[in-house]
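Participant: Contents of coords.cif (mmCIF, C-alpha atoms and all ligand atoms) are given next:
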data_data
#
loop_
_atom_site.label_atom_id
_atom_site.label_comp_id
_atom_site.auth_asym_id
_atom_site.auth_seq_id
_atom_site.Cartn_x
_atom_site.Cartn_y
_atom_site.Cartn_z
CA MET Z 1 62.75 10.89 -90.85
CA ASN Z 2 60.48 8.15 -89.69
CA ARG Z 3 57.84 7.68 -92.38
CA ARG Z 4 56.16 4.89 -90.48
CA TYR Z 5 54.80 7.27 -87.88
CA ARG Z 6 54.73 10.72 -89.45
CA LYS Z 7 54.72 12.78 -92.64
CA THR Z 8 57.90 14.09 -94.18
CA ILE Z 9 57.29 17.67 -95.27
CA ILE Z 10 59.58 19.80 -97.40
CA ALA Z 11 58.40 23.41 -97.28
CA GLY Z 12 59.85 26.40 -99.06
CA ASN Z 13 59.72 29.82 -97.44
CA TRP Z 14 60.09 32.38 -100.17
CA LYS Z 15 60.06 35.31 -97.72
CA MET Z 16 59.60 38.62 -99.63
CA ASN Z 17 60.75 37.25 -102.98
CA LYS Z 18 59.20 36.73 -106.42
CA THR Z 19 56.37 38.50 -108.21
CA ALA Z 20 53.18 36.78 -109.40
CA SER Z 21 54.69 36.19 -112.85
CA GLU Z 22 57.86 34.80 -111.30
CA THR Z 23 55.65 32.51 -109.21
CA LYS Z 24 54.10 31.11 -112.39
CA LYS Z 25 57.53 30.63 -113.98
CA PHE Z 26 58.85 28.86 -110.87
CA ALA Z 27 55.83 26.54 -110.83
CA GLU Z 28 56.44 25.55 -114.44
CA GLU Z 29 60.12 24.83 -113.72
CA LEU Z 30 59.28 22.88 -110.57
CA LYS Z 31 56.60 20.80 -112.26
CA ALA Z 32 59.03 19.81 -114.99
CA LEU Z 33 61.55 18.59 -112.42
CA LEU Z 34 59.36 17.11 -109.70
CA PRO Z 35 59.76 13.41 -109.03
CA LYS Z 36 56.68 11.28 -108.59
CA ALA Z 37 56.93 12.05 -104.88
CA LYS Z 38 55.39 9.29 -102.86
CA TRP Z 39 56.51 9.87 -99.33
CA CYS Z 40 57.25 13.50 -99.06
CA ASP Z 41 54.72 16.34 -98.94
CA VAL Z 42 55.80 19.52 -100.70
CA VAL Z 43 54.70 23.00 -99.63
CA VAL Z 44 55.57 26.39 -101.07
CA CYS Z 45 54.98 29.35 -98.73
CA VAL Z 46 54.69 32.42 -100.92
CA PRO Z 47 54.12 36.12 -100.20
CA ALA Z 48 50.41 36.75 -99.50
CA VAL Z 49 49.79 38.64 -102.74
CA ASN Z 50 51.11 35.69 -104.76
CA ILE Z 51 48.80 33.12 -103.18
CA PRO Z 52 46.16 33.17 -105.98
CA ALA Z 53 48.88 32.83 -108.65
CA ALA Z 54 50.48 29.95 -106.73
CA ILE Z 55 47.17 28.14 -106.17
CA LYS Z 56 46.40 28.36 -109.87
CA ALA Z 57 49.89 27.33 -110.95
CA PHE Z 58 50.03 24.27 -108.65
CA LYS Z 59 46.43 23.10 -109.02
CA ASP Z 60 47.33 20.08 -111.16
CA VAL Z 61 50.20 18.84 -109.02
CA ARG Z 62 50.70 17.65 -105.44
CA VAL Z 63 52.25 20.85 -104.13
CA SER Z 64 50.41 22.67 -101.33
CA VAL Z 65 50.47 26.42 -101.04
CA GLY Z 66 51.31 28.00 -97.73
CA ALA Z 67 51.30 31.52 -96.32
CA GLN Z 68 54.07 33.11 -94.28
CA ASN Z 69 51.95 34.80 -91.64
CA LEU Z 70 48.41 35.67 -90.58
CA PHE Z 71 46.73 37.94 -88.09
CA TYR Z 72 44.84 36.26 -85.27
CA GLU Z 73 41.65 38.35 -85.27
CA LYS Z 74 38.81 37.13 -87.47
CA SER Z 75 38.09 40.48 -89.15
CA GLY Z 76 37.95 44.19 -88.38
CA ALA Z 77 39.97 47.38 -88.33
CA TYR Z 78 43.47 45.90 -88.74
CA THR Z 79 44.83 47.72 -91.76
CA GLY Z 80 47.21 45.66 -93.84
CA GLU Z 81 46.54 42.37 -92.10
CA VAL Z 82 45.26 39.04 -93.47
CA SER Z 83 43.08 36.63 -91.49
CA ALA Z 84 43.18 32.85 -91.28
CA ASP Z 85 39.75 32.57 -92.93
CA MET Z 86 40.93 34.69 -95.86
CA LEU Z 87 43.86 32.33 -96.40
CA LYS Z 88 41.69 29.24 -96.06
CA ASP Z 89 39.18 30.63 -98.53
CA LEU Z 90 41.92 31.06 -101.14
CA GLY Z 91 42.91 27.41 -100.81
CA VAL Z 92 45.93 27.80 -98.53
CA LYS Z 93 46.80 24.69 -96.50
CA TYR Z 94 49.80 25.64 -94.37
CA VAL Z 95 50.88 28.85 -92.65
CA ILE Z 96 54.24 29.67 -91.11
CA ILE Z 97 53.80 31.10 -87.62
CA GLY Z 98 56.45 32.83 -85.51
CA HIS Z 99 59.31 32.81 -88.00
CA SER Z 100 62.34 34.42 -86.34
CA GLU Z 101 62.27 37.26 -88.88
CA ARG Z 102 58.74 38.08 -87.75
CA ARG Z 103 59.80 37.87 -84.11
CA GLN Z 104 62.85 40.05 -84.81
CA TYR Z 105 61.45 42.71 -87.18
CA PHE Z 106 57.73 42.74 -86.45
CA GLY Z 107 57.61 42.34 -82.69
CA GLU Z 108 56.03 38.89 -82.56
CA THR Z 109 56.19 37.28 -79.15
CA ASP Z 110 55.44 33.83 -77.75
CA PHE Z 111 52.06 35.26 -76.76
CA THR Z 112 51.10 36.44 -80.27
CA VAL Z 113 52.49 33.22 -81.74
CA ASN Z 114 50.09 31.25 -79.54
CA LYS Z 115 47.15 33.41 -80.66
CA LYS Z 116 48.10 32.91 -84.29
CA VAL Z 117 48.43 29.14 -83.83
CA HIS Z 118 44.87 29.05 -82.46
CA ALA Z 119 43.57 31.24 -85.29
CA ALA Z 120 45.20 28.98 -87.88
CA LEU Z 121 43.82 25.81 -86.30
CA ASP Z 122 40.34 27.26 -85.87
CA ALA Z 123 40.29 28.03 -89.61
CA GLY Z 124 41.46 24.51 -90.50
CA LEU Z 125 44.99 25.52 -91.52
CA HIS Z 126 48.17 23.63 -90.63
CA PRO Z 127 50.50 25.93 -88.69
CA ILE Z 128 54.25 25.48 -89.18
CA ILE Z 129 55.41 26.80 -85.82
CA CYS Z 130 58.98 28.14 -85.82
CA VAL Z 131 61.18 27.99 -82.75
CA GLY Z 132 64.89 28.59 -82.40
CA GLU Z 133 67.66 30.19 -80.41
CA SER Z 134 70.05 33.02 -81.23
CA LEU Z 135 73.81 32.50 -81.21
CA GLU Z 136 74.08 34.36 -77.89
CA GLN Z 137 71.47 32.07 -76.32
CA ARG Z 138 73.27 28.98 -77.63
CA GLU Z 139 76.56 30.25 -76.25
CA LEU Z 140 74.95 30.93 -72.88
CA GLY Z 141 73.86 27.29 -72.81
CA ILE Z 142 70.15 28.04 -72.58
CA THR Z 143 69.02 26.58 -75.93
CA MET Z 144 66.89 23.79 -74.49
CA GLU Z 145 65.19 25.97 -71.86
CA LEU Z 146 64.36 28.51 -74.54
CA ILE Z 147 63.04 25.92 -77.00
CA ALA Z 148 60.90 24.32 -74.29
CA LEU Z 149 59.45 27.74 -73.45
CA GLN Z 150 58.72 28.55 -77.11
CA VAL Z 151 57.11 25.15 -77.75
CA LYS Z 152 55.01 25.23 -74.58
CA SER Z 153 53.85 28.81 -75.17
CA ALA Z 154 53.02 28.21 -78.84
CA LEU Z 155 50.94 25.14 -77.96
CA ALA Z 156 49.22 26.52 -74.85
CA GLY Z 157 45.54 25.58 -75.00
CA VAL Z 158 45.92 23.45 -78.16
CA SER Z 159 44.03 20.17 -77.83
CA ALA Z 160 45.66 16.84 -78.63
CA GLU Z 161 43.33 16.47 -81.60
CA LYS Z 162 44.36 19.84 -83.03
CA LEU Z 163 48.03 19.19 -82.38
CA ARG Z 164 47.87 16.58 -85.12
CA LYS Z 165 47.54 19.45 -87.60
CA CYS Z 166 50.65 21.24 -86.34
CA VAL Z 167 54.18 21.09 -87.67
CA ILE Z 168 57.09 22.38 -85.58
CA ALA Z 169 60.15 23.80 -87.32
CA TYR Z 170 63.40 24.07 -85.41
CA GLU Z 171 65.22 27.03 -86.92
CA PRO Z 172 68.34 28.18 -85.10
CA ILE Z 173 68.44 31.93 -85.81
CA TRP Z 174 72.20 31.85 -86.36
CA ALA Z 175 71.72 29.42 -89.25
CA ILE Z 176 68.96 31.27 -91.13
CA GLY Z 177 70.13 32.93 -94.32
CA THR Z 178 73.73 32.87 -93.08
CA GLY Z 179 74.99 29.85 -94.98
CA LYS Z 180 75.90 28.40 -91.56
CA THR Z 181 74.03 25.14 -91.07
CA ALA Z 182 73.63 23.45 -87.73
CA THR Z 183 75.50 20.17 -87.78
CA ALA Z 184 73.26 17.15 -88.15
CA GLU Z 185 74.03 16.34 -84.48
CA GLN Z 186 73.08 19.83 -83.27
CA ALA Z 187 69.87 19.82 -85.32
CA ALA Z 188 68.98 16.28 -84.26
CA GLU Z 189 69.62 17.02 -80.59
CA VAL Z 190 67.14 19.91 -80.54
CA CYS Z 191 64.54 18.15 -82.72
CA THR Z 192 64.64 15.15 -80.37
CA PHE Z 193 64.28 17.52 -77.44
CA ILE Z 194 61.23 19.12 -79.08
CA ARG Z 195 59.64 15.69 -79.47
CA THR Z 196 60.37 14.95 -75.81
CA THR Z 197 58.76 18.24 -74.83
CA VAL Z 198 55.65 17.36 -76.87
CA ARG Z 199 55.64 13.90 -75.24
CA HIS Z 200 55.59 15.45 -71.78
CA LEU Z 201 52.66 17.64 -72.84
CA TYR Z 202 50.59 15.21 -74.93
CA GLY Z 203 51.90 11.67 -74.45
CA ALA Z 204 54.03 9.30 -76.48
CA ARG Z 205 51.60 8.42 -79.27
CA ILE Z 206 51.01 12.03 -80.29
CA ALA Z 207 54.69 12.98 -79.90
CA ARG Z 208 55.59 10.13 -82.23
CA SER Z 209 53.22 11.40 -84.92
CA ILE Z 210 54.15 15.10 -85.07
CA THR Z 211 56.29 16.33 -87.96
CA ILE Z 212 59.36 18.27 -86.80
CA GLN Z 213 61.33 20.09 -89.48
CA TYR Z 214 64.79 21.58 -89.44
CA GLY Z 215 65.38 24.97 -91.09
CA GLY Z 216 68.53 27.02 -91.48
CA SER Z 217 70.61 27.02 -94.67
CA MET Z 218 69.35 23.59 -95.73
CA LYS Z 219 70.57 22.95 -99.26
CA PRO Z 220 71.16 20.08 -101.69
CA SER Z 221 74.61 19.38 -100.23
CA ASN Z 222 73.49 18.93 -96.62
CA ALA Z 223 69.83 17.88 -96.94
CA ALA Z 224 70.38 14.11 -96.99
CA GLU Z 225 72.42 14.11 -93.80
CA LEU Z 226 70.00 16.37 -91.93
CA LEU Z 227 66.96 14.42 -93.15
CA GLY Z 228 68.68 11.17 -92.22
CA GLN Z 229 68.26 12.01 -88.53
CA PRO Z 230 65.34 10.05 -87.03
CA ASP Z 231 63.67 13.07 -85.44
CA ILE Z 232 64.05 15.44 -88.42
CA ASP Z 233 60.96 14.95 -90.58
CA GLY Z 234 61.57 17.52 -93.26
CA GLY Z 235 62.87 20.98 -93.87
CA LEU Z 236 61.77 24.60 -93.91
CA ILE Z 237 63.92 26.06 -96.63
CA GLY Z 238 64.54 29.71 -97.47
CA GLY Z 239 67.28 30.53 -99.99
CA ALA Z 240 67.46 27.13 -101.66
CA ALA Z 241 63.67 27.06 -102.18
CA LEU Z 242 63.87 30.00 -104.59
CA ASN Z 243 65.58 27.88 -107.18
CA ALA Z 244 63.47 25.03 -108.58
CA LYS Z 245 66.48 22.78 -109.25
CA ASP Z 246 67.89 23.12 -105.71
CA PHE Z 247 64.43 22.71 -104.19
CA VAL Z 248 63.84 19.50 -106.14
CA GLU Z 249 67.22 18.14 -105.07
CA ILE Z 250 66.15 18.61 -101.46
CA ILE Z 251 62.81 16.92 -102.21
CA ASN Z 252 64.75 14.03 -103.75
CA ALA Z 253 66.89 13.80 -100.60
CA ALA Z 254 63.67 13.49 -98.59
CA ASN Z 255 62.47 10.73 -100.90
CA GLN Z 256 65.47 8.47 -100.27
CA GLU Z 257 64.76 5.09 -98.74
C1 LIG U 301 63.88 30.21 -93.43
O1 LIG U 301 63.62 31.27 -93.95
O2 LIG U 301 63.04 29.65 -92.73
C2 LIG U 301 65.19 29.60 -93.68
C3 LIG U 301 65.49 28.48 -93.09
O3 LIG U 301 66.03 30.27 -94.55
P1 LIG U 301 67.42 29.73 -95.17
O4 LIG U 301 67.16 28.34 -95.67
O5 LIG U 301 67.75 30.68 -96.26
O6 LIG U 301 68.43 29.73 -94.06
#
Since I need it in another form, could you write the structure as structure tokens?

Facilitator:
Amino acid sequence: MNRRYRKTIIAGNWKMNKTASETKKFAEELKALLPKAKWCDVVVCVPAVNIPAAIKAFKDVRVSVGAQNLFYEKSGAYTGEVSADMLKDLGVKYVIIGHSERRQYFGETDFTVNKKVHAALDAGLHPIICVGESLEQRELGITMELIALQVKSALAGVSAEKLRKCVIAYEPIWAIGTGKTATAEQAAEVCTFIRTTVRHLYGARIARSITIQYGGSMKPSNAAELLGQPDIDGGLIGGAALNAKDFVEIINAANQE
């Protein structure tokens, strides 16, 4: 983390978990445990149908509500999809774009990720752009090439001014939901590389100010070490974000001096 230059953001990704009533219950538990967080922004990305319940439940506390996806068209005959404007209108602040599960199960590509990033930014949302390599790609030694490609494609056509609204999450696919965490060195190496890639595209000042998260089996026991890396400015957390106590422990790790 480097709080002098950029925000630390701890974001939970609930994936397809919890009903609206469970959302309310979680919010009550979280609110009871939350520290008076000064430095760290907290986001909870809930299933789309639970957004109104989450907005209501978190309205009196500094927790932003995020979505897990959007469709890039503004409106029209796209059965089952949700637009950026619809999310914005509900009070959503962040939206996860290009999560590896969406790339893997729902055919998202670097091209559609870029369109979704633009749609989110045009609506005034903060995209959390996910990038990451598979185990095979890591073993082939092409992690950095792949990450550079994903970052450059996701940000194609994004102005420097709009980049300020973006968050990039490095999520090695082999570490998501597997219990296998990247070592702090592995995570730091790629997060630093992402910042270098952004610097080549936008210059040093902007690269210094962008929040880069790590995601992949982050939990209370490893959060402090991961967040202690200078280029890791927060976490995107799946499993451990479903439990208010674990989530708060990670928030506390992000609030350390
Ligand atoms: C995720 O869903 O983005 C994620 C990192 O999941 P987990 O923490 O469960 O690995």

Participant: Could the centre and edge lengths of an axis-aligned box, enclosing all atoms of ligand LIG 301 (chain U) in the file with 4 Å extra on each side, be given in Å to one decimal as AutoDock Vina command-line options?

Facilitator:
--center_x 65.7 --center_y 29.8 --center_z -94.5 --size_x 13.4 --size_y 10.9 --size_z 11.5

Participant: Tell me which of Z:Glu171, Z:Glu28, Z:Asp89, Z:Glu73 sits closest to ligand LIG 301 (chain U), counting only C-alpha atoms and all ligand atoms.

Facilitator: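 Result for the nearest residue to ligand LIG 301 (chain U): Z:Glu171.
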
Participant: Counting only C-alpha atoms and all ligand atoms, what residues are within 6 Å of ligand LIG 301 (chain U), given as a list in words?

Facilitator: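 If we count only C-alpha atoms and all ligand atoms, the neighbours of ligand LIG 301 (chain U) turn out to be Asn13, Ala175, Ile176, Gly177, Gly215, Gly216, Ser217, Met218, Leu236, Ile237, Gly238 and Gly239 of chain Z.
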
Participant: Would you list the contacts of stretch 200-214 of chain Z as a VMD selection string, taking every protein, DNA or RNA residue within 9 Å and counting all atoms listed in the file, but skipping same-chain residues closer than 4 positions in sequence?

Facilitator: chain Z and resid 1 5 to 11 128 152 159 to 161 163 to 172 187 to 188 191 to 192 194 to 196 218 226 to 227 231 to 237

Participant: Quick one, how far is atom CA of Z:Phe106 from atom CA of Z:Ala67?

Facilitator: 16.3 Å

Participant: Go through Z:Trp39, Z:Trp174, Z:Phe26, Z:Tyr105 and flag the residue nearest Z:Phe58, using all atoms listed in the file for the distances.

Facilitator: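 Result for the nearest residue to Z:Phe58: Z:Phe26.
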
Participant: Write a file for stretch 154-189 of chain Z of the given structure; include N, CA and C atoms and format it as a PDB file, in the first residue's frame.

Facilitator:
ATOM      1  N   ALA Z 154      -7.857  -3.700 -22.039  1.00  0.00           N
ATOM      2  CA  ALA Z 154      -8.945  -3.192 -21.187  1.00  0.00           C
ATOM      3  C   ALA Z 154      -8.985  -1.669 -21.214  1.00  0.00           C
ATOM      4  N   LEU Z 155      -7.793  -1.054 -21.288  1.00  0.00           N
ATOM      5  CA  LEU Z 155      -7.722   0.412 -21.189  1.00  0.00           C
ATOM      6  C   LEU Z 155      -7.694   1.110 -22.556  1.00  0.00           C
ATOM      7  N   ALA Z 156      -7.788   0.359 -23.626  1.00  0.00           N
ATOM      8  CA  ALA Z 156      -7.721   0.984 -24.957  1.00  0.00           C
ATOM      9  C   ALA Z 156      -8.776   2.080 -25.085  1.00  0.00           C
ATOM     10  N   GLY Z 157      -8.333   3.264 -25.444  1.00  0.00           N
ATOM     11  CA  GLY Z 157      -9.264   4.379 -25.657  1.00  0.00           C
ATOM     12  C   GLY Z 157      -9.697   5.086 -24.386  1.00  0.00           C
ATOM     13  N   VAL Z 158      -9.204   4.659 -23.235  1.00  0.00           N
ATOM     14  CA  VAL Z 158      -9.578   5.316 -21.963  1.00  0.00           C
ATOM     15  C   VAL Z 158      -8.657   6.520 -21.748  1.00  0.00           C
ATOM     16  N   SER Z 159      -9.250   7.677 -21.525  1.00  0.00           N
ATOM     17  CA  SER Z 159      -8.442   8.891 -21.351  1.00  0.00           C
ATOM     18  C   SER Z 159      -7.755   8.870 -19.988  1.00  0.00           C
ATOM     19  N   ALA Z 160      -6.710   9.689 -19.864  1.00  0.00           N
ATOM     20  CA  ALA Z 160      -5.985   9.768 -18.593  1.00  0.00           C
ATOM     21  C   ALA Z 160      -6.931  10.216 -17.482  1.00  0.00           C
ATOM     22  N   GLU Z 161      -7.816  11.127 -17.806  1.00  0.00           N
ATOM     23  CA  GLU Z 161      -8.747  11.635 -16.794  1.00  0.00           C
ATOM     24  C   GLU Z 161      -9.668  10.519 -16.284  1.00  0.00           C
ATOM     25  N   LYS Z 162     -10.140   9.687 -17.240  1.00  0.00           N
ATOM     26  CA  LYS Z 162     -11.049   8.604 -16.835  1.00  0.00           C
ATOM     27  C   LYS Z 162     -10.299   7.477 -16.142  1.00  0.00           C
ATOM     28  N   LEU Z 163      -9.025   7.333 -16.459  1.00  0.00           N
ATOM     29  CA  LEU Z 163      -8.263   6.262 -15.814  1.00  0.00           C
ATOM     30  C   LEU Z 163      -8.252   6.432 -14.301  1.00  0.00           C
ATOM     31  N   ARG Z 164      -8.349   7.669 -13.861  1.00  0.00           N
ATOM     32  CA  ARG Z 164      -8.348   7.940 -12.414  1.00  0.00           C
ATOM     33  C   ARG Z 164      -9.489   7.226 -11.698  1.00  0.00           C
ATOM     34  N   LYS Z 165     -10.536   6.892 -12.444  1.00  0.00           N
ATOM     35  CA  LYS Z 165     -11.690   6.217 -11.830  1.00  0.00           C
ATOM     36  C   LYS Z 165     -11.532   4.701 -11.813  1.00  0.00           C
ATOM     37  N   CYS Z 166     -10.489   4.211 -12.482  1.00  0.00           N
ATOM     38  CA  CYS Z 166     -10.338   2.753 -12.631  1.00  0.00           C
ATOM     39  C   CYS Z 166      -9.519   2.150 -11.501  1.00  0.00           C
ATOM     40  N   VAL Z 167      -9.865   0.922 -11.180  1.00  0.00           N
ATOM     41  CA  VAL Z 167      -9.073   0.097 -10.268  1.00  0.00           C
ATOM     42  C   VAL Z 167      -8.677  -1.130 -11.083  1.00  0.00           C
ATOM     43  N   ILE Z 168      -7.445  -1.609 -10.901  1.00  0.00           N
ATOM     44  CA  ILE Z 168      -7.050  -2.851 -11.578  1.00  0.00           C
ATOM     45  C   ILE Z 168      -6.830  -3.912 -10.500  1.00  0.00           C
ATOM     46  N   ALA Z 169      -7.408  -5.084 -10.733  1.00  0.00           N
ATOM     47  CA  ALA Z 169      -7.226  -6.183  -9.771  1.00  0.00           C
ATOM     48  C   ALA Z 169      -6.428  -7.290 -10.441  1.00  0.00           C
ATOM     49  N   TYR Z 170      -5.274  -7.607  -9.842  1.00  0.00           N
ATOM     50  CA  TYR Z 170      -4.501  -8.748 -10.343  1.00  0.00           C
ATOM     51  C   TYR Z 170      -5.007 -10.001  -9.641  1.00  0.00           C
ATOM     52  N   GLU Z 171      -5.599 -10.903 -10.420  1.00  0.00           N
ATOM     53  CA  GLU Z 171      -6.169 -12.115  -9.860  1.00  0.00           C
ATOM     54  C   GLU Z 171      -5.654 -13.337 -10.628  1.00  0.00           C
ATOM     55  N   PRO Z 172      -4.569 -13.938 -10.146  1.00  0.00           N
ATOM     56  CA  PRO Z 172      -4.101 -15.150 -10.818  1.00  0.00           C
ATOM     57  C   PRO Z 172      -5.194 -16.225 -10.754  1.00  0.00           C
ATOM     58  N   ILE Z 173      -5.574 -16.772 -11.894  1.00  0.00           N
ATOM     59  CA  ILE Z 173      -6.726 -17.685 -11.938  1.00  0.00           C
ATOM     60  C   ILE Z 173      -6.493 -18.895 -11.030  1.00  0.00           C
ATOM     61  N   TRP Z 174      -5.248 -19.334 -10.961  1.00  0.00           N
ATOM     62  CA  TRP Z 174      -4.924 -20.521 -10.165  1.00  0.00           C
ATOM     63  C   TRP Z 174      -5.069 -20.277  -8.664  1.00  0.00           C
ATOM     64  N   ALA Z 175      -5.247 -19.030  -8.278  1.00  0.00           N
ATOM     65  CA  ALA Z 175      -5.375 -18.727  -6.840  1.00  0.00           C
ATOM     66  C   ALA Z 175      -6.814 -18.392  -6.454  1.00  0.00           C
ATOM     67  N   ILE Z 176      -7.718 -18.331  -7.428  1.00  0.00           N
ATOM     68  CA  ILE Z 176      -9.094 -17.908  -7.110  1.00  0.00           C
ATOM     69  C   ILE Z 176      -9.923 -19.101  -6.648  1.00  0.00           C
ATOM     70  N   GLY Z 177     -10.402 -18.997  -5.420  1.00  0.00           N
ATOM     71  CA  GLY Z 177     -11.291 -20.027  -4.878  1.00  0.00           C
ATOM     72  C   GLY Z 177     -10.599 -21.360  -4.654  1.00  0.00           C
ATOM     73  N   THR Z 178      -9.286 -21.396  -4.746  1.00  0.00           N
ATOM     74  CA  THR Z 178      -8.563 -22.669  -4.633  1.00  0.00           C
ATOM     75  C   THR Z 178      -7.898 -22.817  -3.273  1.00  0.00           C
ATOM     76  N   GLY Z 179      -7.856 -21.732  -2.516  1.00  0.00           N
ATOM     77  CA  GLY Z 179      -7.138 -21.770  -1.244  1.00  0.00           C
ATOM     78  C   GLY Z 179      -5.641 -21.544  -1.453  1.00  0.00           C
ATOM     79  N   LYS Z 180      -5.205 -21.571  -2.720  1.00  0.00           N
ATOM     80  CA  LYS Z 180      -3.783 -21.361  -3.048  1.00  0.00           C
ATOM     81  C   LYS Z 180      -3.560 -19.875  -3.267  1.00  0.00           C
ATOM     82  N   THR Z 181      -2.805 -19.240  -2.409  1.00  0.00           N
ATOM     83  CA  THR Z 181      -2.563 -17.805  -2.579  1.00  0.00           C
ATOM     84  C   THR Z 181      -1.237 -17.619  -3.300  1.00  0.00           C
ATOM     85  N   ALA Z 182      -1.148 -16.608  -4.120  1.00  0.00           N
ATOM     86  CA  ALA Z 182       0.166 -16.250  -4.660  1.00  0.00           C
ATOM     87  C   ALA Z 182       1.023 -15.814  -3.474  1.00  0.00           C
ATOM     88  N   THR Z 183       2.302 -16.075  -3.533  1.00  0.00           N
ATOM     89  CA  THR Z 183       3.152 -15.562  -2.451  1.00  0.00           C
ATOM     90  C   THR Z 183       3.149 -14.034  -2.573  1.00  0.00           C
ATOM     91  N   ALA Z 184       3.508 -13.388  -1.486  1.00  0.00           N
ATOM     92  CA  ALA Z 184       3.541 -11.918  -1.515  1.00  0.00           C
ATOM     93  C   ALA Z 184       4.486 -11.447  -2.622  1.00  0.00           C
ATOM     94  N   GLU Z 185       5.582 -12.191  -2.837  1.00  0.00           N
ATOM     95  CA  GLU Z 185       6.557 -11.803  -3.874  1.00  0.00           C
ATOM     96  C   GLU Z 185       5.942 -11.943  -5.263  1.00  0.00           C
ATOM     97  N   GLN Z 186       5.246 -13.077  -5.486  1.00  0.00           N
ATOM     98  CA  GLN Z 186       4.618 -13.282  -6.811  1.00  0.00           C
ATOM     99  C   GLN Z 186       3.577 -12.198  -7.074  1.00  0.00           C
ATOM    100  N   ALA Z 187       2.739 -11.924  -6.062  1.00  0.00           N
ATOM    101  CA  ALA Z 187       1.680 -10.927  -6.232  1.00  0.00           C
ATOM    102  C   ALA Z 187       2.291  -9.541  -6.452  1.00  0.00           C
ATOM    103  N   ALA Z 188       3.314  -9.232  -5.661  1.00  0.00           N
ATOM    104  CA  ALA Z 188       3.946  -7.909  -5.760  1.00  0.00           C
ATOM    105  C   ALA Z 188       4.618  -7.730  -7.120  1.00  0.00           C
ATOM    106  N   GLU Z 189       5.243  -8.794  -7.599  1.00  0.00           N
ATOM    107  CA  GLU Z 189       5.957  -8.696  -8.884  1.00  0.00           C
ATOM    108  C   GLU Z 189       4.983  -8.302 -10.006  1.00  0.00           C
TER     109      GLU Z 189
END
